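Just query.cif here, mmCIF, C-alpha atoms:
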```cif
data_data
#
loop_
_atom_site.label_atom_id
_atom_site.label_comp_id
_atom_site.auth_asym_id
_atom_site.auth_seq_id
_atom_site.Cartn_x
_atom_site.Cartn_y
_atom_site.Cartn_z
CA MET P 1 -0.76 49.37 -16.17
CA ILE P 2 -3.75 47.44 -17.49
CA VAL P 3 -3.63 47.17 -21.28
CA VAL P 4 -6.38 45.97 -23.60
CA VAL P 5 -5.20 45.41 -27.17
CA ASP P 6 -7.76 45.49 -29.95
CA ALA P 7 -7.76 43.37 -33.08
CA ASN P 8 -6.72 46.09 -35.52
CA ALA P 9 -3.47 46.72 -33.64
CA ILE P 10 -2.71 43.01 -33.73
CA VAL P 11 -3.57 42.75 -37.44
CA ILE P 12 -1.14 45.53 -38.30
CA ALA P 13 1.56 43.99 -36.12
CA LEU P 14 1.12 40.62 -37.83
CA ALA P 15 0.20 41.51 -41.41
CA ASP P 16 2.92 44.09 -41.96
CA PRO P 17 5.97 41.94 -41.16
CA ILE P 18 8.59 44.26 -42.65
CA GLY P 19 6.75 47.58 -42.91
CA GLY P 20 7.31 50.51 -40.64
CA ARG P 21 3.79 50.59 -39.21
CA GLY P 22 3.82 46.88 -38.34
CA ARG P 23 7.25 47.27 -36.77
CA ASP P 24 6.06 50.23 -34.69
CA VAL P 25 3.03 48.32 -33.43
CA ARG P 26 5.10 45.23 -32.62
CA GLN P 27 7.66 47.31 -30.73
CA ARG P 28 4.95 48.98 -28.69
CA LEU P 29 3.26 45.67 -27.89
CA VAL P 30 6.60 44.26 -26.74
CA GLN P 31 7.13 47.34 -24.54
CA LEU P 32 3.69 46.90 -23.02
CA ASP P 33 4.28 43.20 -22.35
CA ASP P 34 7.16 43.95 -19.99
CA GLY P 35 6.03 41.79 -17.07
CA GLU P 36 4.82 44.85 -15.16
CA ASN P 37 1.64 45.38 -17.17
CA GLU P 38 -1.41 43.15 -17.43
CA THR P 39 -2.18 42.76 -21.13
CA TYR P 40 -5.61 41.54 -22.27
CA VAL P 41 -7.49 40.62 -25.41
CA LEU P 42 -11.14 39.67 -25.72
CA PRO P 43 -12.51 36.19 -26.45
CA HIS P 44 -13.25 37.14 -30.06
CA THR P 45 -10.01 39.03 -30.78
CA LYS P 46 -8.20 36.12 -32.42
CA LEU P 47 -11.24 35.42 -34.58
CA GLU P 48 -11.38 39.09 -35.64
CA VAL P 49 -7.68 38.98 -36.51
CA THR P 50 -8.11 35.75 -38.48
CA GLN P 51 -11.02 37.26 -40.43
CA SER P 52 -8.99 40.37 -41.25
CA LEU P 53 -6.10 38.22 -42.45
CA ARG P 54 -8.54 36.18 -44.55
CA LYS P 55 -9.79 39.37 -46.22
CA ALA P 56 -6.23 40.55 -46.81
CA VAL P 57 -5.28 37.25 -48.45
CA LEU P 58 -8.39 37.25 -50.66
CA ALA P 59 -7.65 40.86 -51.68
CA GLY P 60 -4.08 39.93 -52.56
CA VAL P 61 -2.63 42.26 -49.94
CA VAL P 62 -1.07 39.57 -47.74
CA PRO P 63 0.40 36.33 -49.13
CA GLU P 64 -1.23 33.21 -47.68
CA PRO P 65 2.01 31.87 -46.13
CA ASP P 66 2.41 35.19 -44.28
CA ALA P 67 -1.15 34.94 -42.98
CA ILE P 68 -0.51 31.41 -41.72
CA ASP P 69 2.69 32.57 -40.02
CA ALA P 70 0.79 35.49 -38.50
CA ILE P 71 -1.88 33.21 -37.04
CA ARG P 72 0.76 30.92 -35.56
CA SER P 73 2.56 33.92 -34.09
CA MET P 74 -0.64 35.32 -32.60
CA ASN P 75 -1.37 32.05 -30.85
CA SER P 76 1.96 32.23 -29.02
CA TRP P 77 1.41 35.70 -27.54
CA PRO P 78 0.95 35.67 -23.77
CA PHE P 79 -2.15 37.88 -23.53
CA ARG P 80 -4.79 37.23 -20.90
CA THR P 81 -8.43 36.99 -21.97
CA PHE P 82 -11.10 39.25 -20.51
CA PRO P 83 -14.49 37.47 -20.51
CA LEU P 84 -17.64 39.00 -21.94
CA GLY P 85 -20.55 38.05 -19.70
CA ARG P 86 -23.91 39.67 -19.15
CA PRO P 87 -22.66 42.86 -17.41
CA GLN P 88 -20.11 43.45 -20.16
CA LEU P 89 -22.62 42.82 -22.93
CA GLU P 90 -25.10 45.19 -21.29
CA ARG P 91 -22.44 47.90 -21.31
CA VAL P 92 -21.65 47.13 -24.95
CA TRP P 93 -25.34 47.67 -25.68
CA GLU P 94 -25.31 51.01 -23.84
CA LEU P 95 -22.54 52.20 -26.18
CA ARG P 96 -24.38 51.10 -29.36
CA ASN P 97 -25.13 54.62 -30.61
CA ASN P 98 -21.48 55.62 -30.79
CA LEU P 99 -19.52 52.39 -31.32
CA SER P 100 -19.75 49.07 -33.08
CA ALA P 101 -20.30 46.14 -30.74
CA TYR P 102 -16.70 45.06 -31.32
CA ASP P 103 -15.24 48.46 -30.42
CA ALA P 104 -17.63 48.83 -27.48
CA ALA P 105 -16.45 45.48 -26.12
CA TYR P 106 -12.85 46.73 -26.00
CA VAL P 107 -13.96 49.98 -24.33
CA THR P 108 -16.00 48.00 -21.81
CA ALA P 109 -13.02 45.79 -21.00
CA VAL P 110 -10.87 48.84 -20.24
CA GLU P 111 -13.59 50.42 -18.11
CA GLN P 112 -14.31 47.30 -16.11
CA LEU P 113 -10.74 46.11 -15.66
CA GLY P 114 -9.75 49.56 -14.43
CA ALA P 115 -12.70 49.71 -12.03
CA ARG P 116 -12.26 46.14 -10.81
CA LYS P 117 -8.61 46.65 -10.01
CA ARG P 118 -9.06 50.24 -8.86
CA ARG P 119 -6.59 51.48 -11.43
CA THR P 120 -6.68 54.70 -13.42
CA ASP P 121 -3.95 53.63 -15.81
CA ALA P 122 -6.04 51.15 -17.82
CA VAL P 123 -5.64 51.83 -21.54
CA LEU P 124 -7.00 50.62 -24.86
CA VAL P 125 -4.22 50.16 -27.40
CA THR P 126 -5.44 50.46 -30.97
CA ALA P 127 -4.40 51.49 -34.43
CA ASP P 128 -7.88 52.90 -35.07
CA LYS P 129 -7.87 56.70 -34.74
CA LYS P 130 -11.65 56.95 -35.04
CA LEU P 131 -12.07 55.47 -31.57
CA THR P 132 -10.63 58.66 -30.10
CA ARG P 133 -13.46 60.63 -31.70
CA ALA P 134 -16.30 58.57 -30.21
CA PRO P 135 -18.32 60.82 -27.90
CA GLY P 136 -18.77 60.07 -24.23
CA LEU P 137 -15.77 57.81 -23.64
CA SER P 138 -13.91 58.21 -20.38
CA ILE P 139 -11.09 55.75 -20.97
CA ASN P 140 -7.46 56.18 -21.93
CA ILE P 141 -6.82 55.32 -25.58
CA GLU P 142 -3.36 54.96 -27.05
CA VAL P 143 -3.35 55.05 -30.84
CA ILE P 144 -0.28 53.47 -32.37
CA ASP P 145 0.31 55.42 -35.55
#
```
What does this structure look like when you write it as structure tokens?
Amino acid sequence: MIVVVDANAIVIALADPIGGRGRDVRQRLVQLDDGENETYVLPHTKLEVTQSLRKAVLAGVVPEPDAIDAIRSMNSWPFRTFPLGRPQLERVWELRNNLSAYDAAYVTAVEQLGARKRRTDAVLVTADKKLTRAPGLSINIEVID
């Protein structure tokens, strides 16, 4: 299976170290990284995660030492990076009426990785339920609740 993991799934996995939701996301990510699947993030994913952790620290939701540990942990994960060149950015632009550029980039990665490798099992893994309600998407989306 081809798996693209978005930033919000990673943030929950990292920022909720003992909570049930973080544990569930971490367990699912470990299952997906079983050596059989190809797991991808985008070039900006780690920056998105770092920004979310920054906001959580400033809001007092996540202690700063936990955020630092989360960033270190994220940097050790063995995800591949899917590049965003002109064709990908053009597709992101096509999706602008229904998705943010960030969400559209993840959708585009799933579409193009699946097409490139002639696979129908490409999936976007997210913790963001609203992505499933975006009109006109023809990709598989797995929401980790």
>> Taking the file as I've supplied it (selection: the PyMOL selection byres ((chain P and resi 49-63) around 10)), which residues are included? Please answer as a PyMOL selection string.
In response: chain P and resi 6-12+14-17+44-48+64-68+70-71+74
> How many Å lie between atom CA of P:Arg28 and atom CA of P:Arg80, rounded to one decimal?
Replying inline: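 Value for the atom CA of P:Arg28-atom CA of P:Arg80 distance: 17.1 Å.
For the set P:Asn98, P:Gln27, P:Thr120, P:Thr39, the residue with the smallest atom-to-atom gap to P:Gly136 is P:Asn98, counting all atoms listed in the file.
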>> Using the chain letters and numbers from this file, what does the PyMOL selection byres ((chain P and resi 113-115) around 10) select? Give the answer as an MDAnalysis selection string.
In response: chainID P and resid 1:4 38 40 82 108:112 116:123 139
> Please, what distance in Å, to one decimal, runs between atom CA of P:Lys130 and atom CA of P:Pro83?
Replying inline: 24.5 Å
> Quick one: of P:Ala105, P:Leu42, P:Leu29, P:Leu131, who's nearest to P:Gln88, counting all atoms listed in the file?
Replying inline: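 With all atoms listed in the file as the atom set, the closest residue is P:Ala105.
Separating atom CA of P:Pro43 from atom CA of P:Leu84 is a distance of 7.4 Å.
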>> Suppose a student applies the PyMOL selection byres ((chain P and resi 126) around 7) to this structure; what residues should they get, written as a PyMOL selection string?
In response: chain P and resi 5-6+8-9+124-125+127-128+142-144
>> At a cut-off of 8 Å, using all atoms listed in the file, what residues contact P:Asp145? Leave out same-chain residues fewer than 3 positions from it and give the result as JSON, numbers by chain.
In response: {"P": [21, 24, 25, 127]}
Next, write the just-selected residues to a file, as a CSV table (one decimal), in the coordinates of the input, keeping C-alpha atoms as the atom set.
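Wrote result.csv, looks like this:
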```csv
chain,number,residue,atom,x,y,z
P,21,ARG,CA,3.8,50.6,-39.2
P,24,ASP,CA,6.1,50.2,-34.7
P,25,VAL,CA,3.0,48.3,-33.4
P,127,ALA,CA,-4.4,51.5,-34.4
```
Edge lengths and centre, in Å to one decimal, as JSON: that's what I need for the box along x, y and z that holds all listed atoms of stretch 82-95 of chain P plus 3 Å on each side.
```
{"center_x": -18.2, "center_y": 44.8, "center_z": -21.8, "size_x": 20.2, "size_y": 20.7, "size_z": 14.8}
```
